[in-house]
Amino acid sequence: MKKLILSALALVLGSVLVFAGGAKQDGAASSAEKPNYRIGIVTSTVSQAEDNFRGAEELIKRYGRVADGGIIQHVTYPDQFMTQQETTITQITTLAMDPLIKAIVINEAVPGTAEAFKRIKESRPDIMLFAGESHEDPLVIQQSASMVISADFISRGYTIIWAAKQLGAKTFVHISFPRHMGYESLGTRRQIFEAACNDMGLKFVFLSAPDPTSDVGVAGAQQYIMEQTPQWVAQYGKDAVFFCTNNAHTEPLLRQLLAYGGQFVEADLPSPLMGYPGALGLDLSAEAGNFPAILKKVEEAVLAKGGSGRFGTWAYSYGFSASAGLGEFAKRILDGKARLDSTADLYSALGEFTPGAKWSGGFYVDQATGVRAKNQLLVYMDTYIFGKGYLPSTQQTVPEKYYQIKFQK
């Protein structure tokens, strides 16, 4: 009997040990699978550029917030970033104080980003640094960033005018302010706009509006657009296409164009979320993150306002895709599933958030030297016109002469 009891105890104990050993091994495997790195992402606030902010939220949704045991650490820079550059720099560099941070993404990369990256590189050369839509001169941001992506200001300077012509426009109205026109990318695109208008038979008009980072703030700048747009439509006609370089200007411009006439090809940073929900009074909380559903709801509202064939966008948000896509690209590199120098891998990461839509583009070429950058890629997508569908913008051949236009301040 004693032998039987001892044998039974041995079997039970052996089973417990086997189970415990198995559990320990599973636990070790789970621990090994958990990334030993974190990714920092810095965006504008919702009031300045909601899409950029939501892209960071998508990364948190997929990979978790650091405070909750995940790998994404998200912070925002001030709305008044032009007068609070040191605060912006501090927000960015503070992320590098966490030894587990192995990549930092900034979208949009406002002034101060290059300096922040420079400081980080001096103390943490192991961190990859990604900039989305840099506001600083290309040669400046390229010196400190691992990779920069920007909306293709060369190709779009041509394709937006081409699209305006497809809409039957006779006039193209460009709205901006001195700060933006001092940026090489935006300033050069404005010159390409004007040249393309001349070549395609459109009248080019440049209008100045208040800078939202100035003393008038976002509210004052938006009020100006609200008051002026009806007068602009009356002056330039309902067949004119309007374009503005600032995100905060977009919503009031769309609201008034839908009310008084005028046309709109796409935003500076295109998205069905850029300006349209506020202008149309839409609640898209149920469709959050589902861009086909968002596009459908926005399109229905635009058509109800009589905007068929007169208003457009990209089917997916550029700002959202840049924030989320660069974060995804960083993660894949850290996981050994992508290479920093692979444009195919970068397009794949961006495409993770734009199913069914393709990206096109090319590396930035310095205007002064003709040298092609290795770490700044210009990207764009086809334009979607509500009520009509896609225009094949990416299939258009941009004449070489537009690439030769030099930036003039």
# chains A, B, ... in the order shown; residues from 1 in each chain; ligands from 1
call {"tool": "select_by_dssp", "arguments": {"residues": "stretch 94-269 of chain A", "states": "helix (DSSP H, G or I)", "output": "MDAnalysis selection string"}}
result
chainID A and resid 94:95 113:123 138:142 153:166 178:181 184:200 217:236 247:260
call {"tool": "residues_around", "arguments": {"residues": "A:Ser342", "least_positions_apart": "2", "cutoff": "12 Å", "atoms": "only C-alpha atoms", "output": "short mmCIF file (atom, residue, chain, number, x, y, z; two decimals) with C-alpha atoms, in the first residue's frame"}}
result
data_model
loop_
_atom_site.label_atom_id
_atom_site.label_comp_id
_atom_site.auth_asym_id
_atom_site.auth_seq_id
_atom_site.Cartn_x
_atom_site.Cartn_y
_atom_site.Cartn_z
CA MET A 147 14.10 59.45 -43.25
CA PHE A 329 7.96 51.50 -40.84
CA ARG A 332 9.18 46.80 -38.99
CA ILE A 333 12.81 47.94 -39.13
CA LYS A 337 11.16 42.96 -41.27
CA ALA A 338 12.09 46.09 -43.24
CA ARG A 339 15.15 48.09 -44.28
CA LEU A 340 15.59 51.80 -43.78
CA ALA A 344 9.35 49.38 -51.28
CA ASP A 345 9.32 48.69 -47.54
CA LEU A 346 8.32 52.28 -46.82
CA TYR A 347 5.50 52.23 -49.38
CA SER A 348 4.37 48.91 -47.89
CA ALA A 349 4.23 50.42 -44.40
CA PHE A 363 13.52 61.10 -53.89
CA LYS A 374 18.90 59.38 -50.07
CA ASN A 375 16.67 60.06 -47.08
CA LEU A 377 11.05 60.84 -50.32
#
call {"tool": "residues_around", "arguments": {"residues": "A:Pro111", "least_positions_apart": "6", "cutoff": "12 Å", "atoms": "only C-alpha atoms", "output": "MDAnalysis selection string"}}
result
chainID A and resid 77:78 80:89 92 117 131 133:138 140:141 179:180 183
call {"tool": "residues_around", "arguments": {"residues": "A:Leu334", "least_positions_apart": "3", "cutoff": "12 Å", "atoms": "only C-alpha atoms", "output": "PyMOL selection string"}}
result
chain A and resi 35-39+71+100-103+126-128+327-331+337-340
call {"tool": "atom_distance", "arguments": {"atom1": "atom CA of A:Gln396", "atom2": "atom CA of A:Ala195"}}
result
16.6 Å
call {"tool": "residues_around", "arguments": {"residues": "A:Gly281", "least_positions_apart": "3", "cutoff": "12 Å", "atoms": "only C-alpha atoms", "output": "compact mmCIF listing (two decimals) with N, CA and C atoms, in the first residue's frame"}}
result
# COMPACT_ATOMS: atom_id res chain seq x y z
N GLU A 251 -11.10 74.13 -43.26
CA GLU A 251 -12.51 73.94 -42.90
C GLU A 251 -13.38 75.14 -43.24
N PRO A 252 -13.00 76.36 -42.82
CA PRO A 252 -13.86 77.50 -43.19
C PRO A 252 -13.91 77.74 -44.69
N LEU A 254 -13.80 75.40 -47.08
CA LEU A 254 -14.74 74.41 -47.62
C LEU A 254 -16.18 74.77 -47.27
N ARG A 255 -16.40 75.19 -46.04
CA ARG A 255 -17.77 75.53 -45.62
C ARG A 255 -18.36 76.61 -46.52
N LEU A 273 -10.97 63.66 -44.06
CA LEU A 273 -11.17 64.25 -42.74
C LEU A 273 -10.65 65.69 -42.65
N GLY A 275 -10.97 69.10 -43.02
CA GLY A 275 -11.90 70.19 -43.25
C GLY A 275 -13.33 69.78 -43.53
N TYR A 276 -13.53 68.67 -44.19
CA TYR A 276 -14.88 68.29 -44.61
C TYR A 276 -15.85 68.01 -43.45
N PRO A 277 -15.48 67.22 -42.43
CA PRO A 277 -16.45 66.95 -41.36
C PRO A 277 -16.98 68.21 -40.69
N GLY A 278 -16.07 69.14 -40.35
CA GLY A 278 -16.49 70.38 -39.71
C GLY A 278 -17.32 71.24 -40.65
N LEU A 284 -18.41 61.69 -37.34
CA LEU A 284 -17.78 60.49 -37.91
C LEU A 284 -17.19 59.59 -36.83
N LYS A 297 -19.43 58.54 -46.32
CA LYS A 297 -20.30 59.47 -45.58
C LYS A 297 -20.04 60.91 -45.99
N VAL A 298 -18.76 61.26 -46.16
CA VAL A 298 -18.42 62.61 -46.60
C VAL A 298 -18.96 62.85 -48.01
N ALA A 301 -22.63 63.61 -48.11
CA ALA A 301 -22.92 64.97 -47.63
C ALA A 301 -22.53 66.02 -48.66
N VAL A 302 -21.41 65.81 -49.35
CA VAL A 302 -20.99 66.75 -50.39
C VAL A 302 -21.99 66.76 -51.53
N LYS A 305 -25.04 68.69 -50.91
CA LYS A 305 -24.82 70.14 -50.99
C LYS A 305 -24.64 70.61 -52.43
call {"tool": "atom_distance", "arguments": {"atom1": "atom CA of A:Thr76", "atom2": "atom CA of A:Thr43"}}
result
4.9 Å
call {"tool": "closest_residue", "arguments": {"among": "A:Ile405, A:Leu129, A:Ile72, A:Val46", "to": "A:Ala324", "atoms": "only C-alpha atoms"}}
result
A:Ile72
call {"tool": "atom_distance", "arguments": {"atom1": "atom CA of A:Val233", "atom2": "atom CA of A:Leu253"}}
result
10.7 Å
call {"tool": "residues_around", "arguments": {"residues": "A:Phe243", "least_positions_apart": "4", "cutoff": "10 Å", "atoms": "only C-alpha atoms", "output": "PyMOL selection string"}}
result
chain A and resi 160+172-176+206+249-250+253-254+263-268
call {"tool": "write_last_selection", "arguments": {"atoms": "N, CA and C atoms", "output": "JSON list (two decimals), in the first residue's frame"}}
result
[["chain", "number", "residue", "atom", "x", "y", "z"],
["A", 160, "ILE", "N", -2.31, 68.99, -59.57],
["A", 160, "ILE", "CA", -3.47, 69.70, -59.02],
["A", 160, "ILE", "C", -4.04, 70.66, -60.06],
["A", 172, "PHE", "N", -7.40, 79.52, -60.88],
["A", 172, "PHE", "CA", -6.88, 78.79, -59.72],
["A", 172, "PHE", "C", -6.47, 79.82, -58.67],
["A", 173, "VAL", "N", -7.10, 79.76, -57.50],
["A", 173, "VAL", "CA", -6.86, 80.74, -56.44],
["A", 173, "VAL", "C", -6.04, 80.09, -55.33],
["A", 174, "HIS", "N", -4.86, 80.62, -55.08],
["A", 174, "HIS", "CA", -3.91, 80.08, -54.10],
["A", 174, "HIS", "C", -3.87, 80.99, -52.88],
["A", 175, "ILE", "N", -4.20, 80.45, -51.70],
["A", 175, "ILE", "CA", -4.29, 81.23, -50.46],
["A", 175, "ILE", "C", -3.17, 80.81, -49.51],
["A", 176, "SER", "N", -2.37, 81.78, -49.04],
["A", 176, "SER", "CA", -1.28, 81.44, -48.14],
["A", 176, "SER", "C", -0.82, 82.69, -47.39],
["A", 206, "PHE", "N", -2.99, 84.81, -56.51],
["A", 206, "PHE", "CA", -2.43, 84.58, -55.17],
["A", 206, "PHE", "C", -3.09, 85.53, -54.18],
["A", 249, "HIS", "N", -7.05, 76.74, -42.19],
["A", 249, "HIS", "CA", -7.85, 77.50, -43.15],
["A", 249, "HIS", "C", -8.83, 76.62, -43.92],
["A", 250, "THR", "N", -8.56, 75.33, -43.97],
["A", 250, "THR", "CA", -9.28, 74.44, -44.87],
["A", 250, "THR", "C", -10.77, 74.32, -44.54],
["A", 253, "LEU", "N", -12.82, 77.46, -45.40],
["A", 253, "LEU", "CA", -12.83, 77.62, -46.85],
["A", 253, "LEU", "C", -13.83, 76.66, -47.48],
["A", 254, "LEU", "N", -13.80, 75.40, -47.08],
["A", 254, "LEU", "CA", -14.74, 74.41, -47.62],
["A", 254, "LEU", "C", -16.18, 74.77, -47.27],
["A", 263, "GLN", "N", -14.81, 75.73, -56.36],
["A", 263, "GLN", "CA", -14.41, 74.33, -56.44],
["A", 263, "GLN", "C", -13.15, 74.08, -55.61],
["A", 264, "PHE", "N", -12.91, 72.80, -55.32],
["A", 264, "PHE", "CA", -11.80, 72.44, -54.44],
["A", 264, "PHE", "C", -11.30, 71.07, -54.87],
["A", 265, "VAL", "N", -10.06, 71.01, -55.35],
["A", 265, "VAL", "CA", -9.50, 69.74, -55.84],
["A", 265, "VAL", "C", -9.06, 68.86, -54.68],
["A", 266, "GLU", "N", -8.20, 69.38, -53.82],
["A", 266, "GLU", "CA", -7.71, 68.63, -52.67],
["A", 266, "GLU", "C", -6.99, 69.57, -51.73],
["A", 267, "ALA", "N", -6.88, 69.16, -50.47],
["A", 267, "ALA", "CA", -6.22, 69.99, -49.47],
["A", 267, "ALA", "C", -4.70, 69.93, -49.62],
["A", 268, "ASP", "N", -4.02, 70.83, -48.95],
["A", 268, "ASP", "CA", -2.56, 70.83, -48.93],
["A", 268, "ASP", "C", -2.05, 69.47, -48.46]]
call {"tool": "closest_residue", "arguments": {"among": "A:Gly362, A:Pro270, A:Gly157, A:Gly309", "to": "A:Ile385", "atoms": "only C-alpha atoms"}}
result
A:Gly309
call {"tool": "closest_residue", "arguments": {"among": "A:Leu326, A:Ile104, A:Met274, A:Cys244", "to": "A:Asp51", "atoms": "only C-alpha atoms"}}
result
A:Met274
call {"tool": "select_by_dssp", "arguments": {"residues": "stretch 248-408 of chain A", "states": "strand (DSSP E or B)", "output": "ChimeraX atom specification"}}
result
/A:263-264,311-313,360-365,372-380,383-385,389-391
call {"tool": "decode", "arguments": {"residues": "stretch 38-69 of chain A", "atoms": "C-alpha atoms", "output": "PDB file, in the first residue's frame"}}
result
ATOM      1  CA  ARG A  38       9.568  51.735 -27.643  1.00  0.00           C
ATOM      2  CA  ILE A  39       8.627  54.204 -30.366  1.00  0.00           C
ATOM      3  CA  GLY A  40       8.011  57.882 -29.663  1.00  0.00           C
ATOM      4  CA  ILE A  41       5.671  59.902 -31.832  1.00  0.00           C
ATOM      5  CA  VAL A  42       5.131  63.660 -31.745  1.00  0.00           C
ATOM      6  CA  THR A  43       2.211  65.283 -33.568  1.00  0.00           C
ATOM      7  CA  SER A  44       0.233  68.483 -33.713  1.00  0.00           C
ATOM      8  CA  THR A  45      -2.859  68.807 -31.558  1.00  0.00           C
ATOM      9  CA  VAL A  46      -6.327  68.004 -32.905  1.00  0.00           C
ATOM     10  CA  SER A  47      -7.058  71.716 -33.488  1.00  0.00           C
ATOM     11  CA  GLN A  48      -4.076  72.198 -35.825  1.00  0.00           C
ATOM     12  CA  ALA A  49      -4.157  68.905 -37.746  1.00  0.00           C
ATOM     13  CA  GLU A  50      -6.509  66.196 -36.508  1.00  0.00           C
ATOM     14  CA  ASP A  51      -5.367  63.574 -39.026  1.00  0.00           C
ATOM     15  CA  ASN A  52      -1.773  63.649 -37.795  1.00  0.00           C
ATOM     16  CA  PHE A  53      -3.004  63.147 -34.228  1.00  0.00           C
ATOM     17  CA  ARG A  54      -5.358  60.298 -35.187  1.00  0.00           C
ATOM     18  CA  GLY A  55      -2.519  58.477 -36.950  1.00  0.00           C
ATOM     19  CA  ALA A  56      -0.665  58.350 -33.639  1.00  0.00           C
ATOM     20  CA  GLU A  57      -3.830  57.063 -31.988  1.00  0.00           C
ATOM     21  CA  GLU A  58      -3.975  54.255 -34.561  1.00  0.00           C
ATOM     22  CA  LEU A  59      -0.465  53.174 -33.564  1.00  0.00           C
ATOM     23  CA  ILE A  60      -1.538  53.177 -29.913  1.00  0.00           C
ATOM     24  CA  LYS A  61      -4.611  51.135 -30.830  1.00  0.00           C
ATOM     25  CA  ARG A  62      -2.429  48.530 -32.541  1.00  0.00           C
ATOM     26  CA  TYR A  63       0.607  48.439 -30.283  1.00  0.00           C
ATOM     27  CA  GLY A  64      -0.453  49.956 -26.982  1.00  0.00           C
ATOM     28  CA  ARG A  65       0.525  53.019 -25.000  1.00  0.00           C
ATOM     29  CA  VAL A  66       3.724  52.852 -22.916  1.00  0.00           C
ATOM     30  CA  ALA A  67       1.767  53.716 -19.768  1.00  0.00           C
ATOM     31  CA  ASP A  68      -0.397  50.644 -20.381  1.00  0.00           C
ATOM     32  CA  GLY A  69       2.481  48.298 -21.125  1.00  0.00           C
TER      33      GLY A  69
END
